[in-house]
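J.: Next comes coords-v4.csv, CSV, C-alpha atoms:
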chain,number,residue,atom,x,y,z
L,43,MET,CA,60.6,56.1,23.2
L,44,LYS,CA,63.9,54.8,24.3
L,45,GLN,CA,66.6,56.6,26.3
L,46,LEU,CA,70.0,56.0,25.0
L,47,ALA,CA,72.0,58.3,27.3
L,48,GLU,CA,71.5,61.0,29.8
L,49,ASN,CA,69.3,63.7,28.2
L,50,LEU,CA,69.1,61.8,24.9
L,51,TRP,CA,66.1,59.8,23.6
L,52,ILE,CA,65.0,58.3,20.3
L,53,PHE,CA,61.5,57.8,19.0
L,54,ASP,CA,60.8,55.3,16.2
L,55,GLY,CA,57.9,56.2,13.9
L,56,GLU,CA,56.1,54.3,11.2
L,57,ALA,CA,57.8,53.5,7.9
L,58,VAL,CA,57.3,55.6,4.7
L,59,PRO,CA,57.8,54.2,1.2
L,60,PHE,CA,60.9,55.4,-0.6
L,61,PHE,CA,62.3,53.9,-3.9
L,62,THR,CA,60.0,50.8,-3.3
L,63,LEU,CA,61.6,50.2,0.2
L,64,PRO,CA,59.8,50.7,3.5
L,65,TYR,CA,62.0,53.4,5.2
L,66,THR,CA,61.7,53.4,9.0
L,67,THR,CA,61.6,56.9,10.6
L,68,ARG,CA,63.4,57.9,13.7
L,69,MET,CA,63.5,61.1,15.7
L,70,THR,CA,66.2,62.1,18.2
L,71,VAL,CA,65.5,64.4,21.1
L,72,ILE,CA,68.2,66.0,23.2
L,73,ARG,CA,67.6,68.0,26.4
L,74,LEU,CA,70.2,70.7,26.4
L,75,ASN,CA,71.9,71.9,29.6
L,76,ASN,CA,69.5,74.8,29.9
L,77,GLY,CA,66.5,72.4,29.7
L,78,ALA,CA,65.5,73.2,26.2
L,79,LEU,CA,64.5,70.3,23.9
L,80,TRP,CA,66.3,69.9,20.5
L,81,VAL,CA,64.3,67.8,18.1
L,82,HIS,CA,66.1,66.2,15.2
L,83,SER,CA,64.1,64.9,12.2
L,84,PRO,CA,60.6,65.1,13.7
L,85,ILE,CA,58.4,62.1,13.0
L,86,LYS,CA,54.6,62.0,12.6
L,87,LEU,CA,53.1,63.9,15.5
L,88,THR,CA,50.5,62.1,17.5
L,89,PRO,CA,48.8,62.9,20.8
L,90,GLU,CA,50.7,60.1,22.5
L,91,LEU,CA,54.1,61.3,21.1
L,92,GLN,CA,53.3,64.8,22.0
L,93,ALA,CA,52.7,63.8,25.7
L,94,LEU,CA,55.9,61.9,25.8
L,95,VAL,CA,58.0,64.8,24.4
L,96,GLU,CA,56.3,67.4,26.6
L,97,ALA,CA,57.1,65.3,29.7
L,98,LEU,CA,60.8,65.8,28.8
L,99,GLY,CA,60.7,69.6,28.6
L,100,GLU,CA,59.8,72.5,26.3
L,101,VAL,CA,60.5,72.2,22.5
L,102,HIS,CA,62.9,75.0,21.5
L,103,TYR,CA,64.5,73.8,18.3
L,104,LEU,CA,63.2,71.7,15.3
L,105,ILE,CA,65.9,70.3,13.0
L,106,ALA,CA,65.5,69.3,9.3
L,107,PRO,CA,69.0,67.9,8.6
L,108,ASN,CA,68.5,67.4,4.8
L,109,HIS,CA,65.9,67.9,2.1
L,110,LEU,CA,64.4,64.4,2.6
L,111,HIS,CA,63.5,64.9,6.2
L,112,HIS,CA,60.7,67.4,6.2
L,113,LEU,CA,57.5,65.5,5.9
L,114,PHE,CA,56.2,66.1,9.4
L,115,LEU,CA,57.9,69.4,10.2
L,116,LYS,CA,54.8,71.6,9.5
L,117,ASP,CA,52.7,69.8,12.1
L,118,TRP,CA,55.4,70.3,14.7
L,119,GLN,CA,55.8,74.0,13.8
L,120,GLN,CA,52.0,74.5,14.2
L,121,ARG,CA,52.0,72.7,17.5
L,122,TYR,CA,55.1,74.5,18.8
L,123,PRO,CA,55.0,78.0,17.3
L,124,GLN,CA,57.5,79.2,19.9
L,125,ALA,CA,60.1,76.7,18.6
L,126,GLN,CA,62.8,77.8,16.1
L,127,SER,CA,63.3,75.7,13.0
L,128,PHE,CA,66.5,75.1,11.1
L,129,GLY,CA,67.4,73.3,8.0
L,130,THR,CA,69.5,73.2,4.9
L,131,ALA,CA,69.1,75.6,1.9
L,132,GLU,CA,67.8,72.6,-0.1
L,133,VAL,CA,65.0,72.0,2.4
L,134,GLN,CA,63.9,75.7,2.2
L,135,THR,CA,63.9,75.5,-1.6
L,136,LYS,CA,61.9,72.3,-1.5
L,137,ARG,CA,59.4,73.5,1.1
L,138,PRO,CA,58.7,77.2,0.6
L,139,ASP,CA,55.6,76.7,2.7
L,140,LEU,CA,57.8,76.1,5.8
L,141,HIS,CA,59.4,78.9,7.9
L,142,PHE,CA,63.0,78.6,8.9
L,143,ASP,CA,64.7,80.7,11.4
L,144,GLY,CA,68.1,79.9,10.1
L,145,LEU,CA,69.9,77.7,7.4
L,146,PHE,CA,72.9,75.5,8.0
L,147,THR,CA,76.1,76.7,6.4
L,148,ALA,CA,79.8,76.1,7.1
L,149,GLU,CA,79.7,79.3,9.1
L,150,PHE,CA,76.5,78.7,11.0
L,151,GLN,CA,76.7,79.7,14.7
L,152,ALA,CA,74.5,77.3,16.6
L,153,MET,CA,72.7,78.3,19.8
L,154,TRP,CA,73.2,74.7,21.0
L,155,ALA,CA,77.0,74.6,20.4
L,156,THR,CA,77.8,74.1,24.1
L,157,ASP,CA,76.0,70.7,23.9
L,158,ILE,CA,76.1,69.7,20.3
L,159,ASP,CA,78.8,70.0,17.5
L,160,GLN,CA,77.8,69.9,13.9
L,161,VAL,CA,79.3,69.7,10.4
L,162,LEU,CA,77.5,70.4,7.0
L,163,PHE,CA,78.4,67.4,4.8
L,164,THR,CA,78.9,69.0,1.3
L,165,GLY,CA,80.5,68.2,-2.0
L,166,SER,CA,77.6,66.5,-3.8
L,167,HIS,CA,75.0,68.0,-6.1
L,168,PHE,CA,72.6,65.3,-4.9
L,169,MET,CA,72.2,66.4,-1.3
L,170,GLN,CA,73.8,68.1,1.7
L,171,GLU,CA,73.2,66.9,5.2
L,172,CYS,CA,74.0,68.5,8.6
L,173,VAL,CA,75.5,65.9,10.9
L,174,PHE,CA,75.4,66.4,14.7
L,175,PHE,CA,77.5,65.2,17.7
L,176,HIS,CA,76.1,65.1,21.2
L,177,LYS,CA,79.2,65.9,23.3
L,178,ALA,CA,78.2,64.5,26.7
L,179,SER,CA,77.3,61.1,25.4
L,180,ARG,CA,79.7,61.1,22.4
L,181,THR,CA,76.8,60.2,20.1
L,182,LEU,CA,76.9,60.9,16.4
L,183,ILE,CA,73.4,61.7,14.9
L,184,VAL,CA,72.9,61.2,11.1
L,185,THR,CA,69.9,60.8,8.8
L,186,ASP,CA,70.8,59.5,5.3
L,187,LEU,CA,74.6,59.9,5.6
L,188,ILE,CA,74.6,56.3,6.8
L,189,GLU,CA,71.8,53.8,6.4
L,190,ASN,CA,72.0,50.4,8.1
L,191,PHE,CA,68.8,48.5,7.7
L,192,SER,CA,68.3,45.1,9.4
L,193,PRO,CA,67.8,42.4,6.8
L,194,GLU,CA,64.6,41.4,8.6
L,195,SER,CA,63.1,44.8,7.6
L,196,PHE,CA,62.7,43.6,4.0
L,197,ASN,CA,61.4,40.8,1.8
L,198,ALA,CA,63.8,38.8,-0.3
L,199,LEU,CA,63.7,41.2,-3.3
L,200,GLN,CA,64.0,44.3,-1.1
L,201,ARG,CA,67.0,42.8,0.7
L,202,LEU,CA,68.7,42.3,-2.7
L,203,LEU,CA,68.1,46.0,-3.6
L,204,ALA,CA,69.3,47.2,-0.2
L,205,ARG,CA,72.4,45.1,-0.4
L,206,GLY,CA,73.1,46.5,-3.9
L,207,ALA,CA,72.7,50.0,-2.5
L,208,GLY,CA,75.1,49.3,0.3
L,209,ILE,CA,72.5,50.0,3.1
L,210,LEU,CA,72.1,46.5,4.6
L,211,ALA,CA,73.4,45.8,8.2
L,212,PRO,CA,76.0,45.2,9.3
L,213,ASN,CA,77.7,46.8,6.3
L,214,GLY,CA,75.6,50.0,6.1
L,215,LYS,CA,76.9,53.1,4.5
L,216,MET,CA,75.9,56.1,2.4
L,217,PRO,CA,73.4,55.0,-0.3
L,218,LEU,CA,74.9,54.2,-3.6
L,219,ASP,CA,73.4,57.0,-5.6
L,220,TRP,CA,74.7,59.6,-3.1
L,221,ARG,CA,78.1,58.0,-3.0
L,222,LEU,CA,78.4,58.1,-6.8
L,223,SER,CA,77.7,61.8,-6.7
L,224,PHE,CA,81.0,62.3,-4.8
L,225,MET,CA,83.0,60.9,-7.7
L,226,PHE,CA,84.9,64.2,-8.1
L,227,ALA,CA,84.6,65.4,-4.5
L,228,LYS,CA,86.1,62.6,-2.5
L,229,ALA,CA,88.7,64.8,-0.9
L,230,GLN,CA,85.9,67.1,0.4
L,231,ALA,CA,84.0,64.1,1.7
L,232,ARG,CA,87.2,62.8,3.4
L,233,SER,CA,87.7,66.2,5.1
L,234,HIS,CA,84.2,65.9,6.6
L,235,ILE,CA,84.8,62.4,7.8
L,236,ASP,CA,88.1,63.4,9.3
L,237,LYS,CA,86.3,66.0,11.4
L,238,ILE,CA,83.6,63.5,12.4
L,239,LEU,CA,86.2,61.0,13.4
L,240,ALA,CA,88.1,63.6,15.5
L,241,TRP,CA,85.0,63.8,17.7
L,242,GLU,CA,85.7,60.2,18.6
L,243,PRO,CA,82.0,59.1,18.7
L,244,LYS,CA,81.1,56.1,20.8
L,245,ALA,CA,77.7,55.5,19.3
L,246,ILE,CA,75.8,56.4,16.0
L,247,ILE,CA,72.1,57.1,15.8
L,248,MET,CA,70.8,57.0,12.2
L,249,ALA,CA,67.3,57.7,11.0
L,250,HIS,CA,67.2,54.5,9.0
L,251,GLY,CA,68.4,51.2,10.5
L,252,LEU,CA,70.2,49.7,13.4
L,253,ILE,CA,72.0,51.9,15.9
L,254,ILE,CA,75.7,51.5,16.4
L,255,GLU,CA,76.2,51.3,20.1
L,256,ASN,CA,79.9,50.2,20.2
L,257,ASP,CA,83.0,50.6,18.1
L,258,ALA,CA,81.6,53.6,16.2
L,259,THR,CA,85.0,54.7,15.0
L,260,ALA,CA,85.7,51.3,13.4
L,261,PHE,CA,82.2,51.3,11.8
L,262,LEU,CA,82.7,54.8,10.4
L,263,GLU,CA,86.1,53.9,8.9
L,264,LYS,CA,84.6,50.9,7.2
L,265,SER,CA,81.5,52.7,6.1
L,266,PHE,CA,83.5,55.5,4.5
L,267,SER,CA,86.4,53.5,3.1
L,268,TRP,CA,85.1,54.4,-0.4
L,269,VAL,CA,86.4,58.0,0.0
L,270,ASN,CA,89.9,56.6,-0.1
L,271,ARG,CA,89.5,54.7,-3.3
L,272,GLU,CA,90.6,56.0,-6.7
L,273,GLY,CA,87.9,56.6,-9.3
Starting from the file, lay out its structure as structure tokens.

T.:
Amino acid sequence: MKQLAENLWIFDGEAVPFFTLPYTTRMTVIRLNNGALWVHSPIKLTPELQALVEALGEVHYLIAPNHLHHLFLKDWQQRYPQAQSFGTAEVQTKRPDLHFDGLFTAEFQAMWATDIDQVLFTGSHFMQECVFFHKASRTLIVTDLIENFSPESFNALQRLLARGAGILAPNGKMPLDWRLSFMFAKAQARSHIDKILAWEPKAIIMAHGLIIENDATAFLEKSFSWVNREG
């Protein structure tokens, strides 16, 4: 557990294999102004993790931001049956065994809107992701929208693959396959990025890779420069 700002913590979990690469897992927990805990992309639940989280407050919300971040949600739902779960329509389709109290849409009215802004990043048939912004700390929270792996995370071959996919620090960005799916929807992607930039984030927490603690706006502009290119 690491506290990054007042009422904001990250928890790093074990890596899971994905496309031959060891993908680290990271959960973000925000304590809202009313004391409720908002848990983004839950990682593997262990007794030790449970104790750390419960020392912060009561879990009220469980967030599955895209259809790849669901592996451990069921365990959290069973441990915290009073918590409400929210995810994208794609997560619900992929995991019909999970119960969701609401699905993210462009019109979604969040119970946590006083503390956290959000935008559903759409335009791709590959995946949608709900992106969040903690207002008090000006921290952007993403999962796969940006990946920024440390080169030390991989062996030589894996580093080569990660660099080709565009997910190697310090030049991390949206993975190549997802970027390519926006070929005919770059204007939509640009509109989402413009909204995110308007929040003026100071820091970026991502589920996979190195956190951006300074100059977040410059990093975002560089990371999403591809939306301005023709073709």

J.: Tell me, counting only C-alpha atoms, for each residue of region 145-204 of chain L within 10 Å of region 119-133 of chain L, which pair of atoms is nearest and how far apart they are in Å to one decimal, in rows ordered by chain and increasing number, as JSON lines.

T.:
{"residue": "L:Leu145", "atom": "CA", "partner": "L:Gly129", "partner_atom": "CA", "distance": 5.1}
{"residue": "L:Phe146", "atom": "CA", "partner": "L:Thr130", "partner_atom": "CA", "distance": 5.1}
{"residue": "L:Thr147", "atom": "CA", "partner": "L:Thr130", "partner_atom": "CA", "distance": 7.6}
{"residue": "L:Ala152", "atom": "CA", "partner": "L:Phe128", "partner_atom": "CA", "distance": 10.0}
{"residue": "L:Leu162", "atom": "CA", "partner": "L:Thr130", "partner_atom": "CA", "distance": 8.7}
{"residue": "L:Phe168", "atom": "CA", "partner": "L:Glu132", "partner_atom": "CA", "distance": 10.0}
{"residue": "L:Met169", "atom": "CA", "partner": "L:Glu132", "partner_atom": "CA", "distance": 7.7}
{"residue": "L:Gln170", "atom": "CA", "partner": "L:Thr130", "partner_atom": "CA", "distance": 7.4}
{"residue": "L:Glu171", "atom": "CA", "partner": "L:Thr130", "partner_atom": "CA", "distance": 7.3}
{"residue": "L:Cys172", "atom": "CA", "partner": "L:Thr130", "partner_atom": "CA", "distance": 7.5}

J.: Within 9 Å of Thr259 (chain L), counting all atoms listed in the file, which residues show up once you throw out same-chain ones fewer than 5 positions away? Write them as number ranges by chain, please.

T.: L: 239, 242-245, 264

J.: From the set L:Leu182, L:Ile253, L:Leu222, L:Met69, which residue has the shortest atom-to-atom contact distance to Trp241 (chain L), counting only C-alpha atoms?

T.: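 The shortest atom-to-atom distance to Trp241 (chain L) comes from L:Leu182.
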
J.: Go ahead and compute the interatomic distance for CA of Thr70 (chain L) and CA of His82 (chain L), in Å to one decimal.

T.: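 Interatomic distance, CA of Thr70 (chain L) to CA of His82 (chain L): 5.1 Å.
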
J.: Please compute the CA of Gln230 (chain L)-CA of Thr164 (chain L) distance, one decimal, in Å.

T.: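 Here the two named atoms are 7.3 Å from each other.
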
J.: Can you tell me which residues surround Leu262 (chain L) at a distance of at most 10 Å, considering all atoms listed in the file, apart from same-chain residues fewer than 5 positions away, and format the answer as a ChimeraX atom specification?

T.: /L:188,214-215,235,238-239,243,246,254,257,267

J.: Give me a file of those residues, with C-alpha atoms, as an mmCIF file, in the frame of the given file.

T.:
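Listing of again.cif after writing:
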data_model
loop_
_atom_site.group_PDB
_atom_site.id
_atom_site.type_symbol
_atom_site.label_atom_id
_atom_site.label_comp_id
_atom_site.auth_asym_id
_atom_site.auth_seq_id
_atom_site.Cartn_x
_atom_site.Cartn_y
_atom_site.Cartn_z
ATOM 1 C CA ILE L 188 74.600 56.300 6.800
ATOM 2 C CA GLY L 214 75.600 50.000 6.100
ATOM 3 C CA LYS L 215 76.900 53.100 4.500
ATOM 4 C CA ILE L 235 84.800 62.400 7.800
ATOM 5 C CA ILE L 238 83.600 63.500 12.400
ATOM 6 C CA LEU L 239 86.200 61.000 13.400
ATOM 7 C CA PRO L 243 82.000 59.100 18.700
ATOM 8 C CA ILE L 246 75.800 56.400 16.000
ATOM 9 C CA ILE L 254 75.700 51.500 16.400
ATOM 10 C CA ASP L 257 83.000 50.600 18.100
ATOM 11 C CA SER L 267 86.400 53.500 3.100
#

J.: Residues at most 9 Å from Leu187 (chain L), counting only C-alpha atoms, excluding those fewer than 5 positions away in the same chain, as an mmCIF file with C-alpha atoms, in the frame of the given file?

T.:
data_model
loop_
_atom_site.group_PDB
_atom_site.id
_atom_site.type_symbol
_atom_site.label_atom_id
_atom_site.label_comp_id
_atom_site.auth_asym_id
_atom_site.auth_seq_id
_atom_site.Cartn_x
_atom_site.Cartn_y
_atom_site.Cartn_z
ATOM 1 C CA PHE L 163 78.400 67.400 4.800
ATOM 2 C CA GLU L 171 73.200 66.900 5.200
ATOM 3 C CA VAL L 173 75.500 65.900 10.900
ATOM 4 C CA LYS L 215 76.900 53.100 4.500
ATOM 5 C CA MET L 216 75.900 56.100 2.400
ATOM 6 C CA PRO L 217 73.400 55.000 -0.300
ATOM 7 C CA TRP L 220 74.700 59.600 -3.100
ATOM 8 C CA MET L 248 70.800 57.000 12.200
#

J.: Quick one, how far is CA of Ser192 (chain L) from CA of Gln160 (chain L)?

T.: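 Value for the CA of Ser192 (chain L)-CA of Gln160 (chain L) distance: 26.9 Å.
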
J.: Quick one: of L:Ser195, L:Asn108, L:Gln151, L:Gln45, who's nearest to Gln134 (chain L), counting only C-alpha atoms?

T.: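 Smallest separation from Gln134 (chain L) among the options: L:Asn108.
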
J.: Of the candidates L:Tyr65, L:Gly55, L:His102, L:Phe261, which one gets nearest to Phe114 (chain L) if we count only C-alpha atoms?

T.: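 That would be L:Gly55, the residue with the smallest distance to Phe114 (chain L).
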
J.: Which is closer to Leu87 (chain L) than all the others in L:Leu203, L:Val269, L:Leu115, L:Ala178, using all atoms listed in the file?

T.: L:Leu115

J.: Using only C-alpha atoms, which protein or nucleic acid residues come within 7 Å of Ala57 (chain L)? Drop anything in the same chain fewer than 4 positions from it, and give the result as a list in words.

T.: Pro64, Tyr65, Thr66 and Thr67 of chain L

J.: From the list L:Ala198, L:Ala106, L:Ala229, L:Ile158, which residue is nearest Ser179 (chain L) when using all atoms listed in the file?

T.: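 Between L:Ala198, L:Ala106, L:Ala229, L:Ile158, the residue approaching Ser179 (chain L) most closely is L:Ile158.
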
J.: For His141 (chain L), which residue out of L:His176, L:His234, L:Lys116, L:Lys228 is the nearest one, using only C-alpha atoms?

T.: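 Ranking L:His176, L:His234, L:Lys116, L:Lys228 by distance to His141 (chain L), first place goes to L:Lys116.
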